[in-house]
$ cat work_26.cif   # mmCIF, C-alpha atoms
data_entry
#
loop_
_atom_site.label_atom_id
_atom_site.label_comp_id
_atom_site.auth_asym_id
_atom_site.auth_seq_id
_atom_site.Cartn_x
_atom_site.Cartn_y
_atom_site.Cartn_z
CA MET A 1 -38.33 42.96 57.53
CA ALA A 2 -37.25 45.94 59.63
CA GLU A 3 -33.55 46.27 60.30
CA ALA A 4 -32.17 47.75 63.52
CA VAL A 5 -30.19 50.83 62.63
CA LYS A 6 -29.30 52.79 65.72
CA ARG A 7 -29.90 53.06 69.45
CA TRP A 8 -29.68 56.12 71.69
CA GLU A 9 -29.72 56.09 75.48
CA GLN A 10 -29.93 58.75 78.15
CA GLY A 11 -30.61 57.93 81.77
CA GLU A 12 -33.55 55.56 81.93
CA LEU A 13 -34.65 56.27 78.36
CA ALA A 14 -33.63 54.39 75.21
CA LEU A 15 -34.73 54.97 71.63
CA GLU A 16 -34.25 52.32 68.98
CA LEU A 17 -34.39 53.11 65.30
CA SER A 18 -35.20 50.44 62.74
CA ALA A 19 -35.83 50.75 59.03
CA GLY A 20 -38.01 48.65 56.78
CA PRO A 21 -39.35 48.98 53.25
CA ALA A 22 -42.54 50.71 54.40
CA GLU A 23 -41.49 52.73 57.44
CA VAL A 24 -38.78 54.03 59.69
CA ARG A 25 -39.67 53.07 63.26
CA LEU A 26 -38.46 54.79 66.41
CA THR A 27 -39.27 52.74 69.50
CA TRP A 28 -39.30 54.47 72.89
CA LEU A 29 -38.28 52.33 75.87
CA GLY A 30 -38.01 52.98 79.60
CA LYS A 31 -38.73 56.35 81.20
CA SER A 32 -38.28 59.90 79.96
CA SER A 33 -37.85 62.00 83.09
CA GLU A 34 -34.85 64.22 82.50
CA ARG A 35 -34.98 67.90 83.41
CA ASP A 36 -34.38 69.00 79.82
CA PRO A 37 -35.26 66.06 77.57
CA THR A 38 -35.26 68.32 74.50
CA ARG A 39 -31.46 68.52 74.52
CA PHE A 40 -31.22 64.75 74.03
CA LEU A 41 -34.39 64.14 72.02
CA ALA A 42 -34.41 66.97 69.47
CA PRO A 43 -31.36 65.69 67.50
CA VAL A 44 -32.61 62.09 67.71
CA LEU A 45 -36.02 63.02 66.36
CA SER A 46 -34.49 65.18 63.62
CA ASP A 47 -32.25 62.28 62.61
CA ALA A 48 -35.22 59.88 62.48
CA LEU A 49 -37.28 62.33 60.42
CA GLU A 50 -34.42 62.90 58.01
CA ARG A 51 -33.95 59.14 57.51
CA ALA A 52 -37.67 58.77 56.80
CA ARG A 53 -37.56 61.70 54.37
CA ARG A 54 -34.62 60.23 52.48
CA ALA A 55 -36.30 56.80 52.31
CA GLY A 56 -39.63 58.31 51.29
CA VAL A 57 -41.50 56.45 54.04
CA PRO A 58 -43.42 57.47 57.16
CA LEU A 59 -41.79 57.76 60.56
CA VAL A 60 -43.59 55.65 63.15
CA MET A 61 -42.88 56.63 66.75
CA ASP A 62 -43.76 53.67 68.92
CA PHE A 63 -44.49 54.63 72.53
CA THR A 64 -46.28 51.42 73.50
CA SER A 65 -43.41 50.17 75.68
CA LEU A 66 -42.64 53.50 77.31
CA ALA A 67 -43.24 53.35 81.07
CA TYR A 68 -43.39 57.08 81.82
CA MET A 69 -42.68 60.48 80.37
CA ASN A 70 -42.73 63.82 82.11
CA SER A 71 -44.49 66.85 80.69
CA SER A 72 -41.21 68.32 79.42
CA THR A 73 -40.98 65.38 77.00
CA PHE A 74 -44.04 66.59 75.11
CA THR A 75 -42.16 69.63 73.82
CA PRO A 76 -39.71 67.79 71.51
CA ILE A 77 -42.47 65.42 70.39
CA VAL A 78 -44.83 68.24 69.47
CA LYS A 79 -42.01 70.19 67.82
CA SER A 80 -41.04 67.13 65.77
CA LEU A 81 -44.60 67.03 64.41
CA ASP A 82 -44.10 70.62 63.35
CA GLU A 83 -40.82 69.68 61.64
CA SER A 84 -42.47 66.69 59.92
CA ARG A 85 -44.96 69.06 58.32
CA ARG A 86 -42.18 71.33 57.16
CA ILE A 87 -40.23 68.55 55.45
CA SER A 88 -43.34 66.61 54.33
CA VAL A 89 -42.71 63.38 56.21
CA PRO A 90 -45.81 61.48 57.39
CA VAL A 91 -45.67 60.62 61.09
CA VAL A 92 -47.59 58.04 63.10
CA LEU A 93 -47.59 58.14 66.89
CA GLU A 94 -48.43 54.70 68.26
CA TYR A 95 -49.47 54.37 71.89
CA SER A 96 -50.83 51.61 74.11
CA GLN A 97 -54.54 51.74 74.87
CA ASP A 98 -53.87 49.40 77.78
CA ARG A 99 -51.73 51.98 79.54
CA LYS A 100 -54.17 54.49 80.95
CA TRP A 101 -51.63 57.30 81.13
CA GLN A 102 -50.77 56.85 77.47
CA ALA A 103 -54.42 56.84 76.45
CA LEU A 104 -54.86 60.15 78.29
CA SER A 105 -51.66 61.80 77.12
CA PHE A 106 -52.08 60.83 73.50
CA SER A 107 -55.73 61.81 73.43
CA ALA A 108 -54.48 65.39 73.76
CA LEU A 109 -51.89 64.86 71.02
CA ARG A 110 -54.71 63.95 68.66
CA THR A 111 -55.19 67.67 68.23
CA PHE A 112 -52.22 67.54 65.85
CA GLU A 113 -53.74 64.86 63.60
CA THR A 114 -54.31 66.05 60.06
CA LEU A 115 -57.24 65.24 57.82
CA ASP A 116 -54.93 64.11 55.02
CA GLY A 117 -53.40 61.47 57.31
CA ARG A 118 -49.95 63.06 57.31
CA ILE A 119 -49.98 63.00 61.12
CA LYS A 120 -51.78 60.12 62.81
CA VAL A 121 -52.14 59.24 66.47
CA HIS A 122 -52.95 55.57 66.76
CA GLY A 123 -53.87 53.50 69.84
CA LYS A 124 -52.90 49.81 69.80
CA MET B 1 -29.82 60.69 96.60
CA THR B 2 -32.22 61.25 99.45
CA VAL B 3 -35.92 60.60 99.68
CA THR B 4 -36.92 60.36 103.31
CA VAL B 5 -40.18 58.88 104.54
CA LYS B 6 -41.53 61.01 107.40
CA GLU B 7 -43.31 59.31 110.24
CA THR B 8 -46.91 60.44 110.62
CA THR B 9 -49.70 59.33 112.91
CA GLU B 10 -52.45 60.79 110.73
CA PRO B 11 -54.33 57.96 109.00
CA GLY B 12 -54.16 57.96 105.21
CA VAL B 13 -51.25 60.39 105.13
CA HIS B 14 -47.83 59.57 103.70
CA SER B 15 -45.15 62.22 103.98
CA PHE B 16 -41.77 62.42 102.30
CA GLU B 17 -38.87 64.83 102.21
CA VAL B 18 -36.86 65.17 99.04
CA THR B 19 -33.63 67.08 98.52
CA PRO B 20 -34.02 69.69 95.75
CA ASP B 21 -32.15 67.62 93.24
CA TRP B 22 -33.44 66.21 89.96
CA GLY B 23 -32.21 62.70 90.74
CA ASP B 24 -34.05 62.70 94.04
CA VAL B 25 -37.26 63.83 92.39
CA LYS B 26 -37.01 60.86 90.04
CA ALA B 27 -36.29 58.59 93.00
CA ALA B 28 -39.53 59.73 94.66
CA TRP B 29 -41.61 57.97 91.99
CA ASP B 30 -41.46 54.45 93.43
CA PRO B 31 -42.15 55.29 97.11
CA SER B 32 -44.96 57.71 96.26
CA ARG B 33 -46.65 55.25 93.92
CA ALA B 34 -46.22 52.44 96.45
CA ALA B 35 -47.75 54.63 99.17
CA LEU B 36 -50.79 55.37 97.00
CA VAL B 37 -51.29 51.68 96.24
CA GLU B 38 -50.88 50.85 99.92
CA ALA B 39 -53.55 53.45 100.69
CA GLY B 40 -55.98 51.47 98.56
CA LEU B 41 -55.85 53.18 95.16
CA GLY B 42 -56.12 51.09 92.01
CA PRO B 43 -53.10 50.87 89.71
CA ASP B 44 -54.30 53.51 87.22
CA GLU B 45 -55.34 55.98 89.90
CA ALA B 46 -52.07 55.43 91.79
CA TYR B 47 -50.06 55.91 88.60
CA GLN B 48 -51.84 59.13 87.67
CA LEU B 49 -51.43 60.61 91.13
CA ALA B 50 -47.78 59.56 91.30
CA MET B 51 -47.46 61.49 88.03
CA VAL B 52 -49.09 64.49 89.74
CA ALA B 53 -46.54 64.24 92.56
CA GLN B 54 -43.68 64.03 90.04
CA GLU B 55 -44.84 67.07 88.10
CA LEU B 56 -45.22 69.14 91.29
CA LEU B 57 -41.81 68.02 92.56
CA GLU B 58 -40.22 68.86 89.20
CA ASN B 59 -41.77 72.34 89.34
CA ALA B 60 -40.49 72.78 92.90
CA VAL B 61 -36.91 71.98 91.82
CA LYS B 62 -37.13 74.13 88.67
CA TYR B 63 -38.61 77.23 90.24
CA GLY B 64 -37.58 77.01 93.90
CA ALA B 65 -35.10 79.31 95.67
CA PHE B 66 -33.40 76.92 98.05
CA GLU B 67 -31.07 77.58 100.91
CA LEU B 68 -28.46 75.13 102.16
CA GLY B 69 -30.18 72.17 103.80
CA ASP B 70 -33.64 72.96 102.44
CA ARG B 71 -35.89 70.04 101.59
CA ILE B 72 -39.02 69.72 99.48
CA ALA B 73 -41.96 68.27 101.41
CA LEU B 74 -44.41 65.90 99.73
CA ASP B 75 -47.64 64.85 101.43
CA LEU B 76 -50.08 62.32 100.02
CA ARG B 77 -53.44 62.36 101.81
CA VAL B 78 -55.93 59.66 100.86
CA THR B 79 -59.54 59.51 102.01
CA ASP B 80 -62.52 57.69 100.56
CA GLU B 81 -63.59 60.92 98.87
CA GLU B 82 -60.40 62.47 97.62
CA VAL B 83 -56.65 62.31 97.26
CA THR B 84 -54.57 65.39 97.97
CA VAL B 85 -51.01 65.70 96.70
CA GLU B 86 -49.24 68.62 98.35
CA VAL B 87 -45.72 69.83 97.68
CA ARG B 88 -44.05 72.56 99.74
CA SER B 89 -40.84 74.34 98.80
CA ARG B 90 -39.11 77.66 99.32
CA VAL B 91 -39.50 80.36 96.67
CA GLY B 92 -37.81 83.71 96.20
CA VAL B 93 -39.15 87.05 97.43
CA ASP B 94 -41.07 88.88 94.66
CA ASP B 95 -40.47 85.85 92.52
CA GLY B 96 -41.37 86.23 88.84
CA ASN B 97 -41.85 82.48 88.60
CA LEU B 98 -44.48 82.68 91.32
CA ARG B 99 -46.39 85.35 89.39
CA ARG B 100 -46.28 83.23 86.24
CA PHE B 101 -47.37 80.22 88.26
CA ASP B 102 -50.35 82.17 89.60
CA GLN B 103 -51.25 83.34 86.08
CA MET B 104 -51.07 79.75 84.83
CA ILE B 105 -53.40 78.51 87.58
CA GLN B 106 -55.89 81.29 86.78
CA TRP B 107 -55.61 80.47 83.06
CA ILE B 108 -56.43 76.80 83.69
CA ARG B 109 -59.38 77.77 85.88
CA GLY B 110 -60.74 79.74 82.96
CA TYR B 111 -61.46 76.47 81.19
CA GLN B 112 -64.50 74.45 82.16
CA ASP B 113 -62.87 71.31 80.80
CA PRO B 114 -59.18 70.84 81.69
CA PHE B 115 -58.74 68.79 78.53
CA GLU B 116 -59.25 71.99 76.53
CA ALA B 117 -56.60 73.77 78.59
CA TYR B 118 -54.21 70.86 78.03
CA VAL B 119 -54.75 70.87 74.27
CA GLU B 120 -54.44 74.66 74.09
CA ARG B 121 -51.19 74.54 76.01
CA MET B 122 -49.81 71.91 73.63
CA LYS B 123 -50.70 74.14 70.71
CA VAL B 124 -48.83 77.00 72.36
CA VAL B 125 -45.78 74.76 72.85
CA SER B 126 -45.89 73.70 69.19
CA THR B 127 -45.71 77.28 67.96
CA ARG B 128 -42.87 78.42 70.22
CA PRO B 129 -39.16 77.92 69.51
CA TYR B 130 -37.23 75.56 71.77
CA SER B 131 -35.34 78.52 73.13
CA ASP B 132 -38.47 79.87 74.83
CA GLY B 133 -37.69 77.58 77.74
CA GLU B 134 -40.23 75.91 79.99
CA SER B 135 -43.43 74.55 78.48
CA ARG B 136 -45.49 74.79 81.71
CA LEU B 137 -47.47 71.85 80.41
CA GLY B 138 -47.17 70.12 83.78
CA LEU B 139 -49.95 72.05 85.47
CA THR B 140 -52.44 71.43 82.68
CA ARG B 141 -51.41 67.78 82.69
CA ILE B 142 -52.14 67.61 86.42
CA ALA B 143 -55.55 69.19 85.86
CA TYR B 144 -56.50 66.85 83.01
CA GLU B 145 -54.64 63.57 83.41
CA GLY B 146 -54.63 63.80 87.18
CA ARG B 147 -58.22 65.04 87.29
CA SER B 148 -57.10 67.42 90.00
CA VAL B 149 -57.92 70.93 91.10
CA ILE B 150 -54.76 72.90 91.81
CA ASP B 151 -54.48 75.50 94.54
CA PHE B 152 -51.61 77.15 96.38
CA TYR B 153 -50.55 79.58 99.10
CA VAL B 154 -47.30 81.15 100.21
CA ASN B 155 -46.59 81.52 103.92
CA GLU B 156 -44.62 84.24 105.68
CA GLU B 157 -41.42 82.20 105.35
CA ASN B 158 -41.77 82.20 101.56
CA VAL B 159 -42.70 78.55 101.42
CA LEU B 160 -44.97 77.78 98.49
CA ALA B 161 -47.50 75.00 99.15
CA VAL B 162 -49.12 73.63 96.00
CA SER B 163 -51.96 71.16 96.37
CA ALA B 164 -53.65 69.04 93.73
CA VAL B 165 -56.97 67.64 94.94
CA HIS B 166 -58.36 64.68 93.08
CA ARG B 167 -62.02 63.82 93.77
CA ARG B 168 -62.29 60.04 93.71
CA GLU B 169 -66.02 59.34 93.48
CA ALA B 170 -67.52 62.52 92.06
CA GLU B 171 -65.69 62.42 88.77
CA GLY B 172 -66.01 58.70 88.11
CA PRO B 173 -63.60 56.79 85.91
CA TRP B 174 -61.21 58.50 83.55
CA PRO B 175 -62.83 59.04 80.16
CA LYS B 176 -62.03 56.83 77.23
CA PRO B 177 -60.06 58.91 74.72
#

$ encode --input "work_26.cif" --output "structure tokens"
Amino acid sequence: MAEAVKRWEQGELALELSAGPAEVRLTWLGKSSERDPTRFLAPVLSDALERARRAGVPLVMDFTSLAYMNSSTFTPIVKSLDESRRISVPVVLEYSQDRKWQALSFSALRTFETLDGRIKVHGK
Amino acid sequence: MTVTVKETTEPGVHSFEVTPDWGDVKAAWDPSRAALVEAGLGPDEAYQLAMVAQELLENAVKYGAFELGDRIALDLRVTDEEVTVEVRSRVGVDDGNLRRFDQMIQWIRGYQDPFEAYVERMKVVSTRPYSDGESRLGLTRIAYEGRSVIDFYVNEENVLAVSAVHRREAEGPWPKP
């Protein structure tokens, strides 16, 4: 059973971190439309990755409930994938196939998937 | 916050004025999406083109050179064949941002498939440090996710007009990823 650990909020965006025996899950809620989302998101994503590393489990970033994100939001996400490689933490990006914008946005992020499954982009 | 709906007699045209403020750009989402739905677009098409409007408005605020009282103009023109999203805003004289914008447009045009440009741009972003500043992913996102062709001109008053033209019928439905 996953346990809620922490919640961050900025503007219309909230991120909820929960931890279970098999994963650390970061759930994105609301809208990410700040001018410089990296300032808020980079430390949050680093924290989530570090918790997953310490627990020895994958980090699952759940975007399925996210209503919108601007293009500036891709930067911290893509950079966190880079960091996950560096510290050897598997990452799964989960998106909603029912939300057309997510299907389009995350189809491009598939370019970062790795053959060994360390980075997965998964439509639900 | 101020997003003003401009009266227009031209059928299929919705015009707005937005103060060059980040909060106002965000506030333009709901009225622009509602206008696109009212013009007869389906929910996915309206969402994607509201995203196009947002990205162009964000660029206008980021790279504009505004004088007191300046507004950003947003026009949404919907016909059976195409949807045009046009954003007009003041830019600086001999503006370096404008040159980089032009280079980015030309770079995107160099790709036959905008998806490739989008992916390439994401790869560039992944290899650069945060401190490098703007990602300029927005334009490739407009080209791919918005299925739009981007063009622009600058008039003698240094107003930059950027248009994204989305062909409704010719390109068919968005592809399944």

$ closest_atom_pairs --input "work_26.cif" --of "chain A" --to "chain B" --cutoff "9 Å" --atoms "all atoms listed in the file" --output "tab-separated table"
residue	atom	partner	partner_atom	distance
A:Ser33	CA	B:Lys26	CA	7.1
A:Glu34	CA	B:Trp22	CA	7.8
A:Arg35	CA	B:Trp22	CA	6.9
A:Thr38	CA	B:Tyr130	CA	8.0
A:Tyr68	CA	B:Met51	CA	8.6
A:Asn70	CA	B:Glu55	CA	7.1
A:Ser71	CA	B:Gly138	CA	5.2
A:Ser72	CA	B:Ser135	CA	6.7
A:Phe74	CA	B:Met122	CA	8.0
A:Thr75	CA	B:Val125	CA	6.4
A:Pro76	CA	B:Tyr130	CA	8.2
A:Val78	CA	B:Ser126	CA	5.6
A:Lys79	CA	B:Ser126	CA	5.4
A:Ser80	CA	B:Ser126	CA	8.9
A:Leu81	CA	B:Ser126	CA	8.3
A:Asp82	CA	B:Ser126	CA	6.8
A:Arg99	CA	B:Asp44	CA	8.2
A:Lys100	CA	B:Asp44	CA	6.3
A:Trp101	CA	B:Gln48	CA	6.8
A:Ala103	CA	B:Pro177	CA	6.3
A:Leu104	CA	B:Glu145	CA	6.2
A:Ser105	CA	B:Glu145	CA	7.2
A:Phe106	CA	B:Pro177	CA	8.3
A:Ser107	CA	B:Pro177	CA	5.4
A:Ala108	CA	B:Val119	CA	5.5
A:Leu109	CA	B:Val119	CA	7.4
A:Arg110	CA	B:Val119	CA	8.9
A:Thr111	CA	B:Val119	CA	6.8
A:Phe112	CA	B:Lys123	CA	8.3

$ atom_distance --input "work_26.cif" --atom1 "atom CA of Leu160 of chain B" --atom2 "atom CA of Val87 of chain B"
8.0 Å

$ atom_distance --input "work_26.cif" --atom1 "atom CA of Ala52 of chain A" --atom2 "atom CA of Val121 of chain A"
17.4 Å

$ closest_residue --input "work_26.cif" --among "A:Pro21, A:Gly123, A:Gly11, A:Pro37" --to "Met61 of chain A" --atoms "all atoms listed in the file"
A:Gly123

$ residues_around --input "work_26.cif" --residues "Ala2 of chain A" --least-positions-apart "5" --cutoff "7 Å" --atoms "only C-alpha atoms" --output "list in words"
Ser18, Ala19 and Gly20 of chain A

$ resolve_selection --input "work_26.cif" --expression "the PyMOL selection byres ((chain B and resi 83) around 9)" --output "list in words"
Leu49, Leu76, Arg77, Val78, Thr79, Asp80, Glu81, Glu82, Thr84, Val85, Ser148, Ala164, Val165, His166, Arg167 and Arg168 of chain B

$ write_last_selection --input "work_26.cif" --atoms "C-alpha atoms" --output "PDB file, in the coordinates of the input"
ATOM      1  CA  LEU B  49     -51.430  60.610  91.130  1.00  0.00           C
ATOM      2  CA  LEU B  76     -50.080  62.320 100.020  1.00  0.00           C
ATOM      3  CA  ARG B  77     -53.440  62.360 101.810  1.00  0.00           C
ATOM      4  CA  VAL B  78     -55.930  59.660 100.860  1.00  0.00           C
ATOM      5  CA  THR B  79     -59.540  59.510 102.010  1.00  0.00           C
ATOM      6  CA  ASP B  80     -62.520  57.690 100.560  1.00  0.00           C
ATOM      7  CA  GLU B  81     -63.590  60.920  98.870  1.00  0.00           C
ATOM      8  CA  GLU B  82     -60.400  62.470  97.620  1.00  0.00           C
ATOM      9  CA  THR B  84     -54.570  65.390  97.970  1.00  0.00           C
ATOM     10  CA  VAL B  85     -51.010  65.700  96.700  1.00  0.00           C
ATOM     11  CA  SER B 148     -57.100  67.420  90.000  1.00  0.00           C
ATOM     12  CA  ALA B 164     -53.650  69.040  93.730  1.00  0.00           C
ATOM     13  CA  VAL B 165     -56.970  67.640  94.940  1.00  0.00           C
ATOM     14  CA  HIS B 166     -58.360  64.680  93.080  1.00  0.00           C
ATOM     15  CA  ARG B 167     -62.020  63.820  93.770  1.00  0.00           C
ATOM     16  CA  ARG B 168     -62.290  60.040  93.710  1.00  0.00           C
TER      17      ARG B 168
END

$ resolve_selection --input "work_26.cif" --expression "the PyMOL selection byres ((chain B and resi 154) around 10)" --output "PyMOL selection string"
chain B and resi 88-91+98+152-153+155-162

$ write_last_selection --input "work_26.cif" --atoms "C-alpha atoms" --output "tab-separated table (two decimals), in the frame of the given file"
chain	number	residue	atom	x	y	z
B	88	ARG	CA	-44.05	72.56	99.74
B	89	SER	CA	-40.84	74.34	98.80
B	90	ARG	CA	-39.11	77.66	99.32
B	91	VAL	CA	-39.50	80.36	96.67
B	98	LEU	CA	-44.48	82.68	91.32
B	152	PHE	CA	-51.61	77.15	96.38
B	153	TYR	CA	-50.55	79.58	99.10
B	155	ASN	CA	-46.59	81.52	103.92
B	156	GLU	CA	-44.62	84.24	105.68
B	157	GLU	CA	-41.42	82.20	105.35
B	158	ASN	CA	-41.77	82.20	101.56
B	159	VAL	CA	-42.70	78.55	101.42
B	160	LEU	CA	-44.97	77.78	98.49
B	161	ALA	CA	-47.50	75.00	99.15
B	162	VAL	CA	-49.12	73.63	96.00

$ resolve_selection --input "work_26.cif" --expression "the PyMOL selection byres ((chain A and resi 87) around 12)" --output "ChimeraX atom specification"
/A:46,49-54,56,58,80-86,88-91,118
